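Student: My structure file upload37.txt, compact mmCIF, C-alpha atoms, is below:
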```txt
# COMPACT_ATOMS: atom_id res chain seq x y z
CA MET F 1 -22.54 -37.85 42.95
CA GLN F 2 -24.10 -40.80 41.14
CA ALA F 3 -27.58 -39.52 41.96
CA ARG F 4 -26.70 -36.14 40.46
CA ILE F 5 -25.39 -37.78 37.28
CA PHE F 6 -28.56 -39.84 37.09
CA VAL F 7 -30.72 -36.71 37.47
CA LEU F 8 -28.78 -34.91 34.75
CA VAL F 9 -28.92 -37.85 32.32
CA ALA F 10 -32.66 -38.18 32.99
CA ALA F 11 -33.05 -34.42 32.40
CA VAL F 12 -31.25 -34.69 29.05
CA ILE F 13 -33.45 -37.61 27.96
CA ILE F 14 -36.64 -35.86 29.10
CA GLN F 15 -35.59 -32.64 27.36
CA PHE F 16 -34.87 -34.62 24.18
CA LEU F 17 -38.31 -36.27 24.29
CA LEU F 18 -40.03 -32.98 25.10
CA GLU F 19 -38.33 -31.26 22.14
CA LEU F 20 -39.44 -34.08 19.87
CA VAL F 21 -43.06 -34.10 21.04
CA ALA F 22 -44.04 -30.73 22.52
CA GLY F 23 -41.43 -28.83 20.46
CA ARG F 24 -43.11 -29.98 17.27
CA LEU F 25 -46.53 -28.82 18.45
CA PHE F 26 -45.60 -25.46 19.94
CA VAL F 27 -42.78 -25.07 22.46
CA ALA F 28 -41.29 -27.46 24.98
CA PRO F 29 -40.50 -26.42 28.57
CA SER F 30 -36.77 -26.10 29.12
CA VAL F 31 -36.19 -28.59 31.89
CA LEU F 32 -32.40 -28.67 31.63
CA PRO F 33 -31.68 -25.09 32.87
CA PHE F 34 -34.08 -25.70 35.75
CA VAL F 35 -32.20 -28.85 36.81
CA LEU F 36 -28.83 -27.13 36.41
CA VAL F 37 -29.90 -24.13 38.46
CA TYR F 38 -31.25 -26.47 41.14
CA LEU F 39 -27.99 -28.44 41.22
CA SER F 40 -25.81 -25.31 41.27
CA GLU F 41 -27.79 -23.89 44.18
CA ASN F 42 -27.90 -27.08 46.22
CA TYR F 43 -24.59 -28.72 45.32
CA GLU F 44 -21.20 -27.65 43.91
CA LYS F 45 -21.35 -24.85 41.35
CA MET F 46 -18.35 -26.27 39.49
CA TRP F 47 -20.26 -29.47 39.01
CA ALA F 48 -23.17 -27.55 37.45
CA ILE F 49 -20.74 -25.95 34.97
CA ASP F 50 -19.46 -29.38 33.93
CA GLY F 51 -23.03 -30.58 33.72
CA ALA F 52 -24.12 -27.61 31.57
CA PHE F 53 -21.39 -28.27 29.02
CA TRP F 54 -21.79 -32.04 28.73
CA SER F 55 -25.57 -32.12 28.85
CA GLY F 56 -25.71 -29.38 26.19
CA PHE F 57 -23.25 -31.29 24.02
CA CYS F 58 -25.30 -34.52 24.34
CA LEU F 59 -28.51 -32.65 23.54
CA ASP F 60 -26.93 -31.13 20.44
CA LEU F 61 -25.88 -34.54 19.20
CA LEU F 62 -29.29 -36.05 19.94
CA LEU F 63 -31.25 -33.27 18.28
CA HIS F 64 -28.85 -32.77 15.33
CA GLN F 65 -28.21 -29.18 16.35
CA PRO F 66 -24.95 -27.35 15.68
CA PRO F 67 -22.57 -28.90 18.25
CA GLY F 68 -21.63 -26.47 20.98
CA SER F 69 -24.71 -24.28 20.65
CA SER F 70 -26.68 -25.78 23.56
CA SER F 71 -23.55 -25.95 25.73
CA LEU F 72 -22.81 -22.28 25.11
CA ALA F 73 -26.44 -21.34 25.71
CA LEU F 74 -26.68 -23.32 28.97
CA LEU F 75 -23.41 -21.88 30.26
CA ALA F 76 -24.61 -18.37 29.42
CA GLY F 77 -27.94 -19.09 31.13
CA LEU F 78 -26.20 -20.42 34.21
CA TYR F 79 -23.93 -17.36 34.32
CA ALA F 80 -26.94 -15.05 34.06
CA ALA F 81 -28.72 -16.92 36.85
CA LYS F 82 -25.61 -16.61 38.99
CA ALA F 83 -25.39 -12.88 38.30
CA PHE F 84 -29.04 -12.56 39.27
CA SER F 85 -28.41 -14.42 42.52
CA ILE F 86 -25.51 -12.08 43.38
CA LEU F 87 -27.58 -8.98 42.68
CA SER F 88 -30.64 -10.16 44.57
CA SER F 89 -31.07 -12.08 47.73
CA GLY F 90 -33.64 -14.65 48.63
CA GLU F 91 -34.38 -18.27 49.08
CA GLY F 92 -37.10 -20.83 48.56
CA LYS F 93 -39.19 -21.88 45.61
CA GLY F 94 -39.85 -18.42 44.20
CA TYR F 95 -36.16 -17.53 44.19
CA LEU F 96 -35.22 -20.77 42.45
CA LEU F 97 -37.95 -20.30 39.85
CA SER F 98 -36.83 -16.69 39.22
CA MET F 99 -33.29 -17.91 38.63
CA THR F 100 -34.68 -20.61 36.31
CA ALA F 101 -36.67 -18.02 34.36
CA ILE F 102 -33.54 -15.86 33.90
CA ALA F 103 -31.49 -18.91 32.90
CA VAL F 104 -34.08 -20.06 30.34
CA LEU F 105 -34.52 -16.57 28.95
CA ILE F 106 -30.80 -16.08 28.37
CA SER F 107 -29.99 -19.65 27.29
CA ASP F 108 -32.83 -19.79 24.74
CA THR F 109 -31.99 -16.37 23.33
CA VAL F 110 -28.31 -17.29 23.01
CA PHE F 111 -29.25 -20.64 21.50
CA ILE F 112 -31.49 -19.10 18.81
CA LEU F 113 -28.75 -16.63 17.89
CA VAL F 114 -25.85 -19.08 17.74
CA ALA F 115 -27.67 -22.10 16.28
CA SER F 116 -29.13 -20.18 13.32
CA ARG F 117 -27.26 -20.20 10.05
CA PRO F 118 -25.82 -17.76 9.05
CA LEU F 119 -24.82 -17.02 12.63
CA GLY F 120 -27.15 -14.50 14.27
CA SER F 121 -29.80 -14.65 11.55
CA GLY F 122 -32.28 -15.99 14.10
CA PHE F 123 -32.69 -12.48 15.49
CA GLY F 124 -36.29 -11.65 14.70
CA PRO F 125 -39.89 -12.44 15.66
CA GLY F 126 -38.81 -16.05 16.29
CA LEU F 127 -37.22 -14.85 19.51
CA LEU F 128 -40.72 -14.20 20.92
CA LEU F 129 -41.12 -17.96 21.29
CA VAL F 130 -38.74 -17.69 24.23
CA VAL F 131 -41.48 -16.04 26.31
CA PRO F 132 -43.96 -18.98 26.28
CA ARG F 133 -41.02 -21.30 26.80
CA VAL F 134 -39.97 -19.41 29.94
CA LEU F 135 -43.56 -19.47 31.24
CA LEU F 136 -43.94 -23.17 30.54
CA THR F 137 -40.64 -23.90 32.26
CA VAL F 138 -41.59 -21.91 35.35
CA ILE F 139 -44.95 -23.71 35.52
CA THR F 140 -43.26 -27.10 35.07
CA GLY F 141 -40.61 -26.21 37.67
CA ALA F 142 -43.28 -25.10 40.16
CA LEU F 143 -45.17 -28.35 39.60
CA ILE F 144 -42.03 -30.46 40.09
CA LEU F 145 -41.05 -28.60 43.26
CA THR F 146 -44.57 -28.85 44.70
CA LEU F 147 -44.72 -32.54 43.87
CA THR F 148 -41.34 -33.34 45.40
CA GLU F 149 -42.19 -31.26 48.46
CA TRP F 150 -45.47 -33.13 48.83
CA ILE F 151 -43.74 -36.52 48.50
CA SER F 152 -41.04 -35.60 51.03
CA ASN F 153 -43.72 -34.32 53.44
CA MET F 154 -45.52 -37.60 53.11
CA ARG F 155 -42.38 -39.54 53.95
CA SER F 156 -41.31 -37.37 56.88
CA ARG F 157 -42.56 -38.11 60.34
CA ILE F 158 -45.02 -35.57 61.58
CA VAL F 159 -44.03 -34.40 65.03
CA SER F 160 -46.62 -32.48 66.95
CA GLY F 161 -47.19 -31.35 70.42
CA MET T 1 -9.98 -19.56 58.97
CA ILE T 2 -7.27 -18.32 56.60
CA THR T 3 -6.94 -21.82 55.10
CA SER T 4 -10.68 -21.95 54.51
CA GLY T 5 -10.58 -18.56 52.81
CA LYS T 6 -7.70 -19.64 50.57
CA LYS T 7 -9.54 -22.82 49.69
CA SER T 8 -12.62 -20.83 48.80
CA THR T 9 -10.63 -18.44 46.59
CA ARG T 10 -8.86 -21.35 44.89
CA ARG T 11 -12.20 -23.03 44.26
CA SER T 12 -13.65 -19.82 42.84
CA GLU T 13 -10.62 -19.42 40.55
CA GLU T 14 -10.94 -23.03 39.45
CA LYS T 15 -14.63 -22.50 38.76
CA ASN T 16 -13.94 -19.40 36.64
CA ARG T 17 -11.13 -21.16 34.81
CA ARG T 18 -13.35 -24.12 34.01
CA PHE T 19 -16.19 -21.83 32.93
CA VAL T 20 -13.90 -20.00 30.47
CA LEU T 21 -12.51 -23.34 29.25
CA TYR T 22 -15.98 -24.73 28.50
CA ILE T 23 -17.08 -21.50 26.83
CA THR T 24 -13.96 -21.70 24.60
CA ILE T 25 -14.60 -25.36 23.76
CA SER T 26 -18.23 -24.56 22.96
CA LEU T 27 -17.18 -21.75 20.63
CA ILE T 28 -14.62 -23.98 18.91
CA LEU T 29 -17.27 -26.68 18.53
CA LEU T 30 -19.69 -24.13 17.17
CA LEU T 31 -17.23 -22.93 14.54
CA PHE T 32 -15.47 -26.16 13.61
CA GLY T 33 -17.84 -28.76 15.12
CA PRO T 34 -19.23 -30.24 11.89
CA ALA T 35 -15.72 -30.64 10.45
CA LEU T 36 -14.32 -32.07 13.69
CA LEU T 37 -17.20 -34.48 14.25
CA GLY T 38 -17.26 -35.44 10.55
CA GLY T 39 -13.54 -36.17 10.65
CA LEU T 40 -13.94 -38.19 13.83
CA GLY T 41 -16.86 -40.09 12.32
CA SER T 42 -15.00 -40.93 9.11
CA TRP T 43 -11.94 -42.01 11.11
CA LEU T 44 -14.08 -44.27 13.30
CA GLY T 45 -15.86 -45.61 10.20
CA ALA T 46 -12.55 -46.40 8.53
CA ARG T 47 -11.27 -48.21 11.64
CA PHE T 48 -14.55 -50.12 11.90
CA SER T 49 -14.47 -51.22 8.25
CA GLU T 50 -10.82 -52.19 8.68
CA ALA T 51 -11.69 -54.32 11.69
CA VAL T 52 -14.79 -55.93 10.23
CA PHE T 53 -14.27 -56.19 6.47
CA SER T 54 -10.53 -56.50 6.13
CA GLY T 55 -10.14 -59.27 8.61
CA THR T 56 -8.24 -61.54 6.22
CA ASN T 57 -4.56 -61.98 6.63
CA SER T 58 -4.13 -63.14 3.05
CA PRO T 59 -2.84 -60.39 0.70
CA THR T 60 -4.08 -62.35 -2.33
CA GLU T 61 -7.64 -62.39 -1.01
CA ASP T 62 -7.48 -58.67 -0.24
CA LYS T 63 -6.18 -57.95 -3.73
CA LEU T 64 -8.93 -60.05 -5.32
CA ARG T 65 -11.55 -58.28 -3.25
CA ASN T 66 -10.23 -54.90 -4.34
CA ASP T 67 -10.19 -56.08 -7.96
CA ILE T 68 -13.81 -57.21 -7.74
CA MET T 69 -14.87 -53.86 -6.31
CA GLN T 70 -12.98 -51.99 -9.03
CA LEU T 71 -14.52 -54.18 -11.74
CA MET T 72 -18.00 -53.64 -10.33
CA LEU T 73 -17.41 -49.91 -10.45
CA GLU T 74 -16.13 -50.09 -14.03
CA ASN T 75 -19.07 -52.30 -14.97
CA SER T 76 -21.60 -49.76 -13.73
CA ILE T 77 -19.83 -46.98 -15.64
CA LEU T 78 -19.83 -49.09 -18.82
CA ARG T 79 -23.53 -49.89 -18.44
CA GLU T 80 -24.29 -46.20 -18.27
CA GLU T 81 -22.10 -45.57 -21.31
CA ALA T 82 -23.89 -48.37 -23.20
CA VAL T 83 -27.28 -46.76 -22.55
CA LYS T 84 -25.94 -43.42 -23.76
CA ALA T 85 -24.34 -45.03 -26.84
CA ASP T 86 -27.69 -46.59 -27.70
CA GLN T 87 -29.35 -43.18 -27.53
CA TYR T 88 -26.59 -41.60 -29.65
CA ARG T 89 -26.89 -44.40 -32.24
CA THR T 90 -30.63 -43.74 -32.56
CA LEU T 91 -30.05 -40.01 -32.93
CA LEU T 92 -27.29 -40.66 -35.48
CA GLY T 93 -29.68 -42.88 -37.44
CA ILE T 94 -32.18 -40.02 -37.60
CA THR T 95 -29.57 -37.60 -38.95
CA ARG T 96 -28.62 -40.12 -41.66
CA THR T 97 -32.18 -40.55 -42.89
CA ASP T 98 -33.16 -36.88 -42.71
CA ASP T 99 -31.84 -34.14 -44.99
CA ARG T 100 -32.06 -31.46 -42.33
CA ASP T 101 -28.98 -30.26 -40.51
CA ALA T 102 -28.84 -31.46 -36.91
CA ILE T 103 -27.15 -29.99 -33.85
CA PRO T 104 -26.68 -32.07 -30.69
CA ALA T 105 -27.57 -30.30 -27.46
CA ARG T 106 -27.92 -30.92 -23.77
CA ILE T 107 -30.83 -29.81 -21.60
CA LEU T 108 -29.55 -27.38 -18.97
CA TYR T 109 -32.70 -26.95 -16.93
CA ARG T 110 -36.45 -26.93 -17.03
CA SER T 111 -38.57 -23.98 -16.05
CA GLU T 112 -41.31 -24.15 -13.43
CA GLY T 113 -44.17 -26.47 -14.26
CA LEU T 114 -42.38 -29.48 -15.62
CA VAL T 115 -45.18 -30.51 -17.98
CA THR T 116 -46.25 -27.22 -19.44
CA GLY T 117 -43.05 -25.31 -18.76
CA THR T 118 -40.11 -24.89 -21.09
CA MET T 119 -36.68 -26.46 -21.36
CA VAL T 120 -33.44 -24.62 -21.90
CA ILE T 121 -30.63 -26.18 -23.94
CA ASP T 122 -26.94 -25.31 -24.11
CA GLN T 123 -26.90 -24.38 -27.81
CA GLY T 124 -27.90 -20.99 -29.16
CA ARG T 125 -27.70 -18.66 -32.12
CA ARG T 126 -23.89 -18.86 -32.06
CA ASP T 127 -24.16 -22.61 -32.67
CA GLY T 128 -26.61 -22.24 -35.55
CA ILE T 129 -29.95 -22.76 -33.78
CA ILE T 130 -32.85 -20.75 -35.15
CA ASP T 131 -36.51 -20.32 -34.17
CA ASN T 132 -38.93 -23.14 -35.02
CA SER T 133 -36.18 -25.75 -35.15
CA VAL T 134 -37.44 -29.15 -34.06
CA CYS T 135 -36.17 -30.81 -30.90
CA ILE T 136 -36.05 -34.59 -30.72
CA SER T 137 -34.53 -37.19 -28.43
CA SER T 138 -33.74 -40.84 -29.04
CA GLU T 139 -37.23 -41.63 -27.72
CA GLY T 140 -39.12 -39.31 -30.06
CA LEU T 141 -40.41 -35.79 -30.54
CA VAL T 142 -39.63 -33.39 -27.68
CA GLY T 143 -40.82 -30.00 -28.92
CA VAL T 144 -39.97 -26.92 -30.90
CA VAL T 145 -37.47 -24.11 -30.37
CA SER T 146 -39.47 -21.07 -29.26
CA SER T 147 -36.74 -18.54 -28.60
CA VAL T 148 -33.01 -18.35 -29.20
CA SER T 149 -30.37 -16.38 -27.37
CA GLU T 150 -26.66 -16.21 -28.12
CA THR T 151 -25.63 -19.34 -26.23
CA THR T 152 -28.88 -21.00 -25.14
CA SER T 153 -32.30 -21.76 -26.60
CA GLU T 154 -35.72 -22.35 -25.16
CA ILE T 155 -37.73 -25.42 -26.14
CA LEU T 156 -41.52 -25.57 -25.93
CA PRO T 157 -42.34 -29.23 -25.30
CA ILE T 158 -45.26 -30.85 -27.10
CA THR T 159 -47.01 -31.04 -23.74
CA ASN T 160 -47.29 -27.25 -23.79
CA PRO T 161 -50.85 -26.16 -24.74
CA SER T 162 -49.51 -23.65 -27.25
CA VAL T 163 -47.91 -26.39 -29.38
CA ASN T 164 -50.10 -28.15 -31.97
CA VAL T 165 -48.61 -30.93 -34.07
CA SER T 166 -50.18 -32.44 -37.15
CA CYS T 167 -49.98 -36.21 -36.68
CA VAL T 168 -50.95 -39.49 -38.23
CA THR T 169 -51.57 -42.77 -36.45
CA TRP T 170 -49.81 -45.95 -37.49
CA PRO T 171 -50.86 -48.52 -38.66
CA SER T 172 -54.47 -47.21 -38.68
CA GLY T 173 -53.51 -44.12 -40.73
CA ALA T 174 -55.87 -41.58 -39.18
CA TYR T 175 -54.91 -37.90 -39.27
CA GLY T 176 -55.39 -35.51 -36.40
CA ILE T 177 -53.90 -32.67 -34.36
CA LEU T 178 -51.87 -33.49 -31.31
CA GLN T 179 -52.48 -30.91 -28.61
CA SER T 180 -52.19 -30.67 -24.88
CA THR T 181 -54.57 -29.59 -22.13
CA SER T 182 -53.49 -27.12 -19.47
CA SER T 183 -52.75 -30.04 -17.14
CA GLY T 184 -50.29 -31.52 -19.65
CA GLU T 185 -52.44 -34.38 -20.98
CA LEU T 186 -51.86 -35.07 -24.66
CA ASN T 187 -54.84 -35.62 -26.97
CA LEU T 188 -55.14 -36.39 -30.66
CA VAL T 189 -58.14 -34.36 -31.77
CA HIS T 190 -60.12 -33.85 -34.99
CA VAL T 191 -59.76 -37.50 -35.95
CA ASP T 192 -62.19 -38.80 -38.56
CA LEU T 193 -65.18 -40.67 -37.09
CA THR T 194 -64.73 -43.54 -39.54
CA SER T 195 -61.11 -44.19 -38.59
CA GLU T 196 -60.24 -47.43 -36.83
CA VAL T 197 -57.67 -46.27 -34.32
CA GLU T 198 -56.74 -48.81 -31.67
CA PRO T 199 -55.02 -48.32 -28.32
CA GLY T 200 -51.30 -48.93 -28.79
CA ASP T 201 -51.19 -47.32 -32.25
CA GLN T 202 -48.20 -45.08 -32.77
CA VAL T 203 -48.72 -41.35 -33.23
CA LEU T 204 -46.25 -39.98 -35.79
CA THR T 205 -45.77 -36.49 -37.16
CA SER T 206 -47.41 -36.04 -40.56
CA ARG T 207 -46.11 -34.14 -43.57
CA TYR T 208 -48.90 -31.52 -43.37
CA GLY T 209 -47.65 -29.44 -40.49
CA GLY T 210 -44.83 -27.58 -42.15
CA VAL T 211 -42.71 -27.27 -39.02
CA PHE T 212 -42.13 -30.90 -38.03
CA PRO T 213 -40.60 -33.43 -40.42
CA ASP T 214 -42.85 -36.43 -40.99
CA GLY T 215 -42.38 -39.79 -39.33
CA LEU T 216 -41.17 -38.66 -35.89
CA LEU T 217 -42.69 -40.66 -33.05
CA ALA T 218 -44.71 -38.39 -30.78
CA GLY T 219 -46.52 -40.96 -28.65
CA ARG T 220 -48.94 -43.85 -28.47
CA ILE T 221 -52.71 -44.00 -28.32
CA ILE T 222 -53.81 -45.07 -24.86
CA GLY T 223 -57.57 -44.62 -25.12
CA ILE T 224 -60.49 -42.79 -26.60
CA SER T 225 -61.82 -39.76 -24.78
CA THR T 226 -65.51 -40.27 -24.24
CA GLY T 227 -68.33 -38.04 -23.05
CA GLU T 228 -67.95 -35.54 -25.85
CA ALA T 229 -70.39 -35.50 -28.74
CA GLY T 230 -69.15 -34.25 -32.09
CA LEU T 231 -68.18 -34.98 -35.64
CA ALA T 232 -64.65 -35.99 -34.76
CA LEU T 233 -62.94 -38.40 -32.39
CA ARG T 234 -60.57 -37.49 -29.62
CA PHE T 235 -57.89 -39.89 -28.38
CA SER T 236 -55.70 -39.82 -25.30
CA VAL T 237 -52.01 -40.06 -26.13
CA ALA T 238 -49.04 -41.03 -23.99
CA SER T 239 -45.95 -39.10 -24.93
CA ALA T 240 -43.05 -41.16 -26.27
CA VAL T 241 -40.58 -38.98 -24.42
CA ASP T 242 -40.03 -38.99 -20.69
CA PHE T 243 -39.59 -35.25 -20.23
CA GLN T 244 -38.26 -35.59 -16.72
CA SER T 245 -35.31 -37.77 -17.61
CA THR T 246 -34.41 -36.49 -21.07
CA GLY T 247 -30.94 -35.03 -21.00
CA GLU T 248 -29.52 -35.11 -24.52
CA VAL T 249 -31.43 -33.95 -27.56
CA LEU T 250 -30.94 -33.23 -31.24
CA ILE T 251 -32.06 -30.00 -32.84
CA LEU T 252 -33.22 -30.42 -36.44
CA LEU T 253 -32.95 -27.14 -38.30
CA PRO T 254 -35.76 -26.15 -40.66
CA GLU T 255 -35.73 -27.59 -44.17
CA ASN T 256 -33.56 -25.80 -46.75
CA PHE T 257 -31.57 -24.20 -43.98
CA HIS T 258 -28.00 -25.36 -43.86
CA GLY T 259 -26.00 -24.15 -40.94
CA ILE T 260 -24.87 -20.78 -39.69
CA ASP T 261 -23.29 -19.79 -43.00
CA ALA T 262 -26.68 -19.67 -44.65
CA GLN T 263 -27.95 -16.91 -42.33
```
Could you write out this structure as structure tokens?
Tutor:
Amino acid sequence: MQARIFVLVAAVIIQFLLELVAGRLFVAPSVLPFVLVYLSENYEKMWAIDGAFWSGFCLDLLLHQPPGSSSLALLAGLYAAKAFSILSSGEGKGYLLSMTAIAVLISDTVFILVASRPLGSGFGPGLLLVVPRVLLTVITGALILTLTEWISNMRSRIVSG
Amino acid sequence: MITSGKKSTRRSEEKNRRFVLYITISLILLLFGPALLGGLGSWLGARFSEAVFSGTNSPTEDKLRNDIMQLMLENSILREEAVKADQYRTLLGITRTDDRDAIPARILYRSEGLVTGTMVIDQGRRDGIIDNSVCISSEGLVGVVSSVSETTSEILPITNPSVNVSCVTWPSGAYGILQSTSSGELNLVHVDLTSEVEPGDQVLTSRYGGVFPDGLLAGRIIGISTGEAGLALRFSVASAVDFQSTGEVLILLPENFHGIDAQ
């Protein structure tokens, strides 16, 4: 449980730093939905829902965004990923990354719509930025998964013969 | 098996319930978040200031502290009033020494291009303002009324290139025309080559212009413009008026024009 909290707090901090640095240049990869999808698939789903709300709320406060907008977006993203997992079947890296892509796509779209003032005025060409964000997130997710897999392979005892 | 199934259903229900709860909280935060967080912040701030700054148990000390704060506030208001009173006294002095009728006005806003743009005042035809009235502030000459509507008027400042003012320097006594470049720099041009104008000399309106009454301070000489051959001198002038901060002005109506009844 503590490890999960640590991972989520680290994800919030990394997302915050990414938004400040990469977000200013072009778009930042959305690490938070990826972590939430990973946690919901590997641990309790209820826990991921709690995590989506609180991490979104913290991110809103850190980035001076309308409070509640990131929480709502992450919850919507998580719900969409869950719906995708019910409709399709699969497992492994590709499946997880597909769920992440769906989650990022929905959460970013919802975020742009609800965080803009007046509400919904963000609907326009600005929404196209979601596409490179989804791609960047999938690439980042793939890199993280490959790296962790490589590290765990290194640590595990190779049994042959 | 049945117990496990029930547990699973209960967990699923709990998950859905929590999901709906968080969605609702998010929506409430989205709609009322700034007010809620602002209220919470001000409440925390008040408790913090109570804990840190009002730590004395002596009511007399608290009362004295409150009195000091109130007096400081009153003092700042009085200082502002004193500055305004000084400006009004200067403007009143001008109206006493000049025969022209004067109407006090307040600048409502300035149009784009602060230097070469125009200023709009809150007095218009209804209040007796007419075209070519002169606008002054307690610091000096501001400009001339260029157009008048029913309740407002437009002032062309002297930094506008279309305004030329006949001026005389003091104490050197050289005559010239005060005009502005497109970038808003004031120059006194067509000044006699033999004149002995020094930096720091005052630039006053002369009696030759016809529009402006004589003796109004327009600016000060800050230097001679070099690099231009000719039969006349050209001096750089710093305007007496700070156009950005001027708020209250006096409109001097043209000579031999006495109020709205004369129209």
Student: Which residues of chain F are close to chain T, meaning at most 12 Å apart when you count only C-alpha atoms, and how do they look as a compact mmCIF listing (two decimals) with C-alpha atoms, in the frame of the given file?
Tutor:
```
# COMPACT_ATOMS: atom_id res chain seq x y z
CA SER F 40 -25.81 -25.31 41.27
CA GLU F 44 -21.20 -27.65 43.91
CA LYS F 45 -21.35 -24.85 41.35
CA MET F 46 -18.35 -26.27 39.49
CA TRP F 47 -20.26 -29.47 39.01
CA ALA F 48 -23.17 -27.55 37.45
CA ILE F 49 -20.74 -25.95 34.97
CA ASP F 50 -19.46 -29.38 33.93
CA GLY F 51 -23.03 -30.58 33.72
CA ALA F 52 -24.12 -27.61 31.57
CA PHE F 53 -21.39 -28.27 29.02
CA TRP F 54 -21.79 -32.04 28.73
CA GLY F 56 -25.71 -29.38 26.19
CA PHE F 57 -23.25 -31.29 24.02
CA ASP F 60 -26.93 -31.13 20.44
CA LEU F 61 -25.88 -34.54 19.20
CA HIS F 64 -28.85 -32.77 15.33
CA GLN F 65 -28.21 -29.18 16.35
CA PRO F 66 -24.95 -27.35 15.68
CA PRO F 67 -22.57 -28.90 18.25
CA GLY F 68 -21.63 -26.47 20.98
CA SER F 69 -24.71 -24.28 20.65
CA SER F 70 -26.68 -25.78 23.56
CA SER F 71 -23.55 -25.95 25.73
CA LEU F 72 -22.81 -22.28 25.11
CA ALA F 73 -26.44 -21.34 25.71
CA LEU F 74 -26.68 -23.32 28.97
CA LEU F 75 -23.41 -21.88 30.26
CA ALA F 76 -24.61 -18.37 29.42
CA GLY F 77 -27.94 -19.09 31.13
CA LEU F 78 -26.20 -20.42 34.21
CA TYR F 79 -23.93 -17.36 34.32
CA PHE F 111 -29.25 -20.64 21.50
CA LEU F 113 -28.75 -16.63 17.89
CA VAL F 114 -25.85 -19.08 17.74
CA ALA F 115 -27.67 -22.10 16.28
CA SER F 116 -29.13 -20.18 13.32
CA ARG F 117 -27.26 -20.20 10.05
CA PRO F 118 -25.82 -17.76 9.05
CA LEU F 119 -24.82 -17.02 12.63
```
Student: Give me, as a short mmCIF file (atom, residue, chain, number, x, y, z; two decimals) with C-alpha atoms, keeping the file's coordinate frame, all polymer residues having an atom no more than 9 Å from F:Val138, counting all atoms listed in the file and skipping those fewer than 6 positions away in the same chain.
Tutor:
```
data_model
loop_
_atom_site.label_atom_id
_atom_site.label_comp_id
_atom_site.auth_asym_id
_atom_site.auth_seq_id
_atom_site.Cartn_x
_atom_site.Cartn_y
_atom_site.Cartn_z
CA PRO F 29 -40.50 -26.42 28.57
CA SER F 30 -36.77 -26.10 29.12
CA PHE F 34 -34.08 -25.70 35.75
CA LEU F 97 -37.95 -20.30 39.85
CA SER F 98 -36.83 -16.69 39.22
CA THR F 100 -34.68 -20.61 36.31
CA ALA F 101 -36.67 -18.02 34.36
#
```
Student: Excluding T:Gly215 and residues on its chain fewer than 3 positions from it, collect all residues at most 7 Å away from it, counting all atoms listed in the file, and give them as a ChimeraX atom specification.
Tutor: /T:204-206
Student: To one decimal place, how far is atom CA of T:Thr152 from atom CA of T:Asp242 in Å?
Tutor: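 For atom CA of T:Thr152 relative to atom CA of T:Asp242, the distance reads 21.6 Å.
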Student: Mind checking which residues fall within 10 Å of T:Asn187, counting all atoms listed in the file, ignoring those fewer than 5 positions away in the same chain, and posting them as a PDB file with C-alpha atoms, keeping the file's coordinate frame?
Tutor:
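So the final result, stored in out_3.pdb, reads:
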```
ATOM      1  CA  THR T 159     -47.010 -31.040 -23.740  1.00  0.00           C
ATOM      2  CA  GLY T 176     -55.390 -35.510 -36.400  1.00  0.00           C
ATOM      3  CA  ILE T 177     -53.900 -32.670 -34.360  1.00  0.00           C
ATOM      4  CA  LEU T 178     -51.870 -33.490 -31.310  1.00  0.00           C
ATOM      5  CA  GLN T 179     -52.480 -30.910 -28.610  1.00  0.00           C
ATOM      6  CA  SER T 180     -52.190 -30.670 -24.880  1.00  0.00           C
ATOM      7  CA  THR T 181     -54.570 -29.590 -22.130  1.00  0.00           C
ATOM      8  CA  ILE T 221     -52.710 -44.000 -28.320  1.00  0.00           C
ATOM      9  CA  ILE T 222     -53.810 -45.070 -24.860  1.00  0.00           C
ATOM     10  CA  GLY T 223     -57.570 -44.620 -25.120  1.00  0.00           C
ATOM     11  CA  ILE T 224     -60.490 -42.790 -26.600  1.00  0.00           C
ATOM     12  CA  SER T 225     -61.820 -39.760 -24.780  1.00  0.00           C
ATOM     13  CA  ARG T 234     -60.570 -37.490 -29.620  1.00  0.00           C
ATOM     14  CA  PHE T 235     -57.890 -39.890 -28.380  1.00  0.00           C
ATOM     15  CA  SER T 236     -55.700 -39.820 -25.300  1.00  0.00           C
ATOM     16  CA  VAL T 237     -52.010 -40.060 -26.130  1.00  0.00           C
ATOM     17  CA  ALA T 238     -49.040 -41.030 -23.990  1.00  0.00           C
ATOM     18  CA  SER T 239     -45.950 -39.100 -24.930  1.00  0.00           C
TER      19      SER T 239
END
```
Student: Identify which of the residues F:Val130, F:Leu147, F:Ala11, F:Leu63 lies closest to F:Val110, counting all atoms listed in the file when measuring atom-to-atom distances.
Tutor: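 The answer is F:Val130, which sits nearest to F:Val110.
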Student: What does the structure give for the distance between atom CA of T:Pro104 and atom CA of T:Glu255, in Å to one decimal?
Tutor: 16.8 Å
Student: Which one is closest to F:Phe26: F:Glu91, F:Tyr43, F:Arg133, F:Arg4? Count all atoms listed in the file.
Tutor: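 Nearest to F:Phe26: F:Arg133.
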Student: May I ask for the distance between atom CA of T:Val249 and atom CA of T:Ile136, given in Å to one decimal place?
Tutor: 5.6 Å
